[in-house]
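Visitor: The following file, run_20.pdb, comprises PDB, C-alpha atoms:
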ATOM      1  CA  MET F 282    -219.848-131.674 -97.934
ATOM      2  CA  SER F 283    -221.644-128.370 -97.333
ATOM      3  CA  SER F 284    -219.818-125.548 -95.642
ATOM      4  CA  HIS F 285    -221.369-123.193 -93.160
ATOM      5  CA  PRO F 286    -219.802-119.807 -92.451
ATOM      6  CA  ILE F 287    -218.410-119.479 -88.958
ATOM      7  CA  PRO F 288    -217.975-115.887 -87.805
ATOM      8  CA  LEU F 289    -214.597-115.082 -86.292
ATOM      9  CA  VAL F 290    -213.904-111.863 -84.436
ATOM     10  CA  ILE F 291    -210.214-111.136 -83.967
ATOM     11  CA  GLU F 292    -209.493-108.234 -81.639
ATOM     12  CA  ASP F 293    -205.816-107.916 -82.615
ATOM     13  CA  VAL F 294    -204.844-109.235 -86.054
ATOM     14  CA  SER F 295    -201.158-108.686 -85.335
ATOM     15  CA  GLN F 296    -201.219-110.839 -82.193
ATOM     16  CA  PHE F 297    -203.287-113.459 -84.040
ATOM     17  CA  THR F 298    -200.747-113.733 -86.855
ATOM     18  CA  ARG F 299    -197.849-114.026 -84.393
ATOM     19  CA  ALA F 300    -199.610-116.925 -82.683
ATOM     20  CA  LEU F 301    -200.401-118.528 -86.046
ATOM     21  CA  ARG F 302    -196.780-118.261 -87.200
ATOM     22  CA  LYS F 303    -195.624-120.213 -84.125
ATOM     23  CA  HIS F 304    -197.564-123.247 -85.363
ATOM     24  CA  TRP F 305    -196.482-123.004 -89.012
ATOM     25  CA  PRO F 306    -195.080-126.385 -90.159
ATOM     26  CA  ASP F 307    -192.157-125.078 -92.248
ATOM     27  CA  GLU F 308    -190.378-121.747 -92.340
ATOM     28  CA  PRO F 309    -193.168-119.240 -91.638
ATOM     29  CA  PRO F 310    -193.521-116.110 -93.744
ATOM     30  CA  GLY F 311    -192.496-112.804 -92.177
ATOM     31  CA  HIS F 312    -194.915-110.984 -89.907
ATOM     32  CA  ALA F 313    -195.906-108.398 -92.559
ATOM     33  CA  ASN F 314    -196.532-111.153 -95.141
ATOM     34  CA  MET F 315    -198.531-113.094 -92.577
ATOM     35  CA  LEU F 316    -200.693-110.029 -91.846
ATOM     36  CA  SER F 317    -201.320-109.684 -95.566
ATOM     37  CA  LEU F 318    -202.269-113.376 -95.904
ATOM     38  CA  VAL F 319    -204.755-113.120 -93.030
ATOM     39  CA  ALA F 320    -206.261-109.931 -94.492
ATOM     40  CA  LYS F 321    -206.593-111.563 -97.932
ATOM     41  CA  ALA F 322    -208.213-114.645 -96.392
ATOM     42  CA  ALA F 323    -210.754-112.299 -94.781
ATOM     43  CA  GLY F 324    -211.547-110.791 -98.198
ATOM     44  CA  TYR F 325    -209.398-107.639 -98.158
ATOM     45  CA  ARG F 326    -206.850-106.658-100.787
ATOM     46  CA  ASN F 327    -204.095-106.434 -98.145
ATOM     47  CA  HIS F 328    -203.462-105.580 -94.510
ATOM     48  CA  GLN F 329    -203.353-101.825 -95.185
ATOM     49  CA  VAL F 330    -206.865-101.916 -96.681
ATOM     50  CA  LEU F 331    -208.112-103.823 -93.635
ATOM     51  CA  LYS F 332    -206.511-101.238 -91.336
ATOM     52  CA  ALA F 333    -207.953 -98.372 -93.344
ATOM     53  CA  GLU F 334    -211.473 -99.802 -93.164
ATOM     54  CA  PHE F 335    -211.499-100.470 -89.452
ATOM     55  CA  GLY F 336    -208.730 -98.207 -88.189
ATOM     56  CA  LEU F 337    -207.149 -98.692 -84.823
ATOM     57  CA  PRO F 338    -209.693 -99.409 -82.133
ATOM     58  CA  ALA F 339    -210.530 -96.271 -80.222
ATOM     59  CA  PRO F 340    -210.294 -96.558 -76.472
ATOM     60  CA  GLU F 341    -213.688 -97.333 -75.029
ATOM     61  CA  ALA F 342    -215.154 -94.213 -73.507
ATOM     62  CA  ALA F 343    -216.933 -94.444 -70.215
ATOM     63  CA  PHE F 344    -220.621 -94.925 -70.869
ATOM     64  CA  THR F 345    -223.267 -92.632 -69.497
ATOM     65  CA  GLU F 346    -225.720 -93.992 -66.947
ATOM     66  CA  LEU F 347    -228.375 -94.270 -69.673
ATOM     67  CA  GLU F 348    -225.995 -96.208 -71.950
ATOM     68  CA  GLU F 349    -225.029 -98.528 -69.073
ATOM     69  CA  ARG F 350    -228.737 -99.221 -68.463
ATOM     70  CA  ARG F 351    -229.307 -99.934 -72.177
ATOM     71  CA  LEU F 352    -226.353-102.320 -72.165
ATOM     72  CA  ARG F 353    -227.667-104.141 -69.060
ATOM     73  CA  ASP F 354    -231.163-104.318 -70.578
ATOM     74  CA  ALA F 355    -229.730-105.738 -73.807
ATOM     75  CA  LEU F 356    -227.654-108.341 -71.953
ATOM     76  CA  ARG F 357    -230.767-109.522 -70.091
ATOM     77  CA  VAL F 358    -232.331-110.822 -73.309
ATOM     78  CA  PHE F 359    -229.343-113.117 -73.981
ATOM     79  CA  ASP F 360    -228.868-116.325 -72.009
ATOM     80  CA  LEU F 361    -225.565-117.699 -70.741
ATOM     81  CA  GLU F 362    -224.961-119.401 -74.110
ATOM     82  CA  GLY F 363    -225.357-116.083 -75.944
ATOM     83  CA  GLN F 364    -228.793-116.955 -77.372
ATOM     84  CA  MET F 365    -231.468-114.250 -77.562
ATOM     85  CA  THR F 366    -234.353-115.526 -75.437
ATOM     86  CA  ARG F 367    -236.930-112.783 -76.099
ATOM     87  CA  TRP F 368    -237.460-109.626 -78.091
ATOM     88  CA  PRO F 369    -236.848-106.514 -75.932
ATOM     89  CA  LEU F 370    -239.712-104.072 -75.428
ATOM     90  CA  LYS F 371    -237.648-100.866 -75.686
ATOM     91  CA  THR F 372    -236.877 -99.743 -79.230
ATOM     92  CA  SER F 373    -233.446 -98.423 -78.229
ATOM     93  CA  VAL F 374    -232.525-101.816 -76.775
ATOM     94  CA  GLN F 375    -233.902-103.635 -79.833
ATOM     95  CA  GLY F 376    -231.520-101.771 -82.129
ATOM     96  CA  LEU F 377    -228.607-102.508 -79.831
ATOM     97  CA  CYS F 378    -229.447-106.230 -79.706
ATOM     98  CA  LEU F 379    -229.573-106.404 -83.500
ATOM     99  CA  ALA F 380    -225.844-105.639 -83.545
ATOM    100  CA  ILE F 381    -225.231-109.204 -82.324
ATOM    101  CA  PHE F 382    -226.945-110.627 -85.403
ATOM    102  CA  TRP F 383    -225.358-108.044 -87.729
ATOM    103  CA  ALA F 384    -221.920-109.116 -86.459
ATOM    104  CA  THR F 385    -222.604-112.802 -87.166
ATOM    105  CA  LEU F 386    -223.635-112.233 -90.785
ATOM    106  CA  PRO F 387    -220.791-112.727 -93.276
ATOM    107  CA  ALA F 388    -219.287-109.471 -94.551
ATOM    108  CA  ARG F 389    -219.229-108.448 -98.222
ATOM    109  CA  ARG F 390    -221.212-111.449 -99.410
ATOM    110  CA  ASP F 391    -224.592-111.929-101.052
ATOM    111  CA  LEU F 392    -226.819-114.185 -98.981
ATOM    112  CA  THR F 393    -230.063-115.972 -99.714
ATOM    113  CA  GLU F 394    -233.008-115.628 -97.372
ATOM    114  CA  LYS F 395    -232.387-119.217 -96.278
ATOM    115  CA  GLU F 396    -228.781-118.397 -95.319
ATOM    116  CA  VAL F 397    -229.849-115.294 -93.368
ATOM    117  CA  ASN F 398    -232.551-117.315 -91.606
ATOM    118  CA  ALA F 399    -229.998-119.964 -90.607
ATOM    119  CA  VAL F 400    -227.743-117.342 -89.009
ATOM    120  CA  LEU F 401    -230.657-115.717 -87.187
ATOM    121  CA  LYS F 402    -232.141-119.014 -85.987
ATOM    122  CA  SER F 403    -228.769-120.070 -84.608
ATOM    123  CA  GLY F 404    -228.694-116.984 -82.369
ATOM    124  CA  GLU F 405    -232.239-116.912 -81.010
ATOM    125  CA  VAL F 406    -234.480-119.303 -79.113
ATOM    126  CA  PHE F 407    -237.736-117.344 -78.905
ATOM    127  CA  GLY F 408    -238.801-118.503 -82.371
ATOM    128  CA  ASP F 409    -239.165-115.333 -84.439
ATOM    129  CA  HIS F 410    -236.250-115.085 -86.863
ATOM    130  CA  VAL F 411    -238.555-113.306 -89.327
ATOM    131  CA  LEU F 412    -238.923-110.399 -86.869
ATOM    132  CA  LEU F 413    -235.141-110.207 -86.556
ATOM    133  CA  ARG F 414    -234.639-110.251 -90.324
ATOM    134  CA  ARG F 415    -237.224-107.511 -90.851
ATOM    135  CA  CYS F 416    -235.744-105.362 -88.072
ATOM    136  CA  LEU F 417    -232.206-105.726 -89.440
ATOM    137  CA  ILE F 418    -233.504-104.250 -92.696
ATOM    138  CA  GLU F 419    -235.501-101.500 -90.939
ATOM    139  CA  HIS F 420    -232.410-100.512 -88.908
ATOM    140  CA  ASN F 421    -230.322-100.349 -92.118
ATOM    141  CA  MET F 422    -228.027-103.152 -90.997
ATOM    142  CA  VAL F 423    -228.959-105.399 -93.940
ATOM    143  CA  THR F 424    -230.126-104.611 -97.461
ATOM    144  CA  ARG F 425    -232.495-106.780 -99.476
ATOM    145  CA  GLU F 426    -233.384-106.954-103.139
ATOM    146  CA  ARG F 427    -237.020-106.018-103.801
ATOM    147  CA  ASP F 428    -237.860-109.635-104.630
ATOM    148  CA  GLY F 429    -236.135-110.900-101.461
ATOM    149  CA  SER F 430    -233.655-112.979-103.436
ATOM    150  CA  ILE F 431    -230.450-111.397-102.139
ATOM    151  CA  TYR F 432    -229.547-110.028 -98.731
ATOM    152  CA  ARG F 433    -226.321-108.258 -97.871
ATOM    153  CA  ARG F 434    -224.902-106.984 -94.588
ATOM    154  CA  VAL F 435    -224.362-103.203 -94.573
ATOM    155  CA  GLU F 436    -220.729-102.591 -93.683
ATOM    156  CA  ARG F 437    -220.270-100.039 -90.932
ATOM    157  CA  LYS F 438    -218.288 -99.543 -87.777
ATOM    158  CA  PRO F 439    -220.245-100.631 -84.680
ATOM    159  CA  SER F 440    -220.742 -97.996 -81.999
ATOM    160  CA  PRO F 441    -218.796 -98.360 -78.734
ATOM    161  CA  LEU F 442    -221.993 -99.565 -77.036
ATOM    162  CA  GLU F 443    -222.582-102.172 -79.765
ATOM    163  CA  ARG F 444    -218.957-103.328 -79.481
ATOM    164  CA  ALA F 445    -219.354-103.691 -75.707
ATOM    165  CA  LEU F 446    -222.496-105.821 -76.181
ATOM    166  CA  ILE F 447    -220.899-107.938 -78.925
ATOM    167  CA  ARG F 448    -217.878-108.540 -76.697
ATOM    168  CA  ALA F 449    -220.023-109.431 -73.642
ATOM    169  CA  VAL F 450    -222.235-111.879 -75.565
ATOM    170  CA  SER F 451    -219.171-113.384 -77.252
ATOM    171  CA  GLU F 452    -217.556-113.923 -73.833
ATOM    172  CA  ARG F 453    -220.719-115.700 -72.665
ATOM    173  CA  LYS F 454    -220.598-118.017 -75.689
ATOM    174  CA  HIS F 455    -216.927-118.822 -75.113
ATOM    175  CA  ALA F 456    -217.525-119.467 -71.414
ATOM    176  CA  ALA F 457    -220.397-121.805 -72.286
ATOM    177  CA  MET F 458    -218.176-123.681 -74.757
ATOM    178  CA  ARG F 459    -215.446-124.095 -72.135
ATOM    179  CA  ASP F 460    -217.970-125.344 -69.565
ATOM    180  CA  PRO F 461    -220.854-126.920 -71.538
ATOM    181  CA  ILE F 462    -222.369-128.644 -68.508
ATOM    182  CA  GLY F 463    -222.389-125.546 -66.342
ATOM    183  CA  GLY F 464    -223.557-123.307 -69.184
ATOM    184  CA  GLY F 465    -220.784-120.819 -68.512
ATOM    185  CA  ARG F 466    -221.420-120.791 -64.774
ATOM    186  CA  PRO F 467    -218.704-121.669 -62.321
ATOM    187  CA  ALA F 468    -218.717-125.360 -61.505
ATOM    188  CA  PHE F 469    -220.481-126.326 -58.267
ATOM    189  CA  LYS F 470    -218.065-127.158 -55.493
ATOM    190  CA  ALA F 471    -219.130-129.396 -52.660
TER     191      ALA F 471
END
Kindly present the structure from the file in structure tokens form.

Guide:
Amino acid sequence: MSSHPIPLVIEDVSQFTRALRKHWPDEPPGHANMLSLVAKAAGYRNHQVLKAEFGLPAPEAAFTELEERRLRDALRVFDLEGQMTRWPLKTSVQGLCLAIFWATLPARRDLTEKEVNAVLKSGEVFGDHVLLRRCLIEHNMVTRERDGSIYRRVERKPSPLERALIRAVSERKHAAMRDPIGGGRPAFKA
């Protein structure tokens, strides 16, 4: 059986581990041990290393009017299922939209071109995953060996605007999964 990576964004690892411990079949490990297990499963040495890399989330600053417009423009290119439907015309919006694809690529792992293409194709419906792959490299979000054999996500902290877009698109995807017939829209009431 082949396995496909499924990206998982956890806003609060501590809350996640508490919820996980509640469903543990036997005596669950302590909270600190559980945090360490989750961090190790995500590829970190321990919970402290995970915290050091990402730090505590800074409170989201109010966006300027220009940033709000960029965020709205970026959201317009994603449908209610979180799929990119077209490539934005504005360069500043293009870079922001790429954060969605950067976030879905597995961290700290070498990928083949085929694996990168699969991730990109799963997030777009306009039919140009090659454009997305090339732009991820041009925006220094992904590195590639000269021969194209290995790709790797560049680890960095997303900007507040990128985090806001990632969160908004993720909420659309979750809403669509909860209501697959309505595509995330409220159900019609007669």

Visitor: For a quick check of understanding, using only C-alpha atoms, which of F:Asp354, F:Pro441, F:Ala320, F:Arg425 has the smallest distance to Thr372 (chain F)?

Guide: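 Closest residue, counting only C-alpha atoms: F:Asp354.
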
Visitor: What does the distance between CA of Leu370 (chain F) and CA of Pro387 (chain F) come to in Å, to one decimal place?

Guide: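 Spanning CA of Leu370 (chain F) to CA of Pro387 (chain F) is a straight-line distance of 27.4 Å.
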
Visitor: Enumerate, in order of chain and increasing residue number, the residues of region 384-425 of chain F with an atom no farther than 12 Å from region 287-306 of chain F, each with its shortest atom pair and distance in Å to one decimal, counting all atoms listed in the file, as a tab-separated table.

Guide:
residue	atom	partner	partner_atom	distance
F:Ala384	CA	F:Pro288	CA	8.0
F:Thr385	CA	F:Pro288	CA	5.6
F:Leu386	CA	F:Pro288	CA	7.4
F:Pro387	CA	F:Pro288	CA	6.9
F:Ala388	CA	F:Pro288	CA	9.4
F:Ala399	CA	F:Ile287	CA	11.7
F:Val400	CA	F:Ile287	CA	9.6
F:Ser403	CA	F:Ile287	CA	11.3

Visitor: Measuring atom to atom with only C-alpha atoms, identify which of F:His312, F:Arg453, F:Arg459, F:Arg433 is nearest to Asp360 (chain F).

Guide: F:Arg453

Visitor: What's around region 375-383 of chain F at 9 Å? Count all atoms listed in the file, leave out sequence neighbours fewer than 5 positions away in its own chain, and write the answer as number ranges by chain.

Guide: F: 351-352, 355-356, 358-359, 365, 368-370, 400-401, 404, 413, 416-417, 420, 422-423, 434-435, 439, 442-444, 446-447, 450-451

Visitor: Between CA of Leu412 (chain F) and CA of Arg353 (chain F), measure the distance and give it in Å to one decimal.

Guide: 22.0 Å

Visitor: As JSON, please report the centre and edge lengths, rounded to one decimal in Å, of the axis-aligned box that holds all listed atoms of region 344-353 of chain F with 6 Å of padding on each of the six sides.

Guide:
{"center_x": -225.0, "center_y": -98.4, "center_z": -69.6, "size_x": 20.7, "size_y": 23.5, "size_z": 17.2}
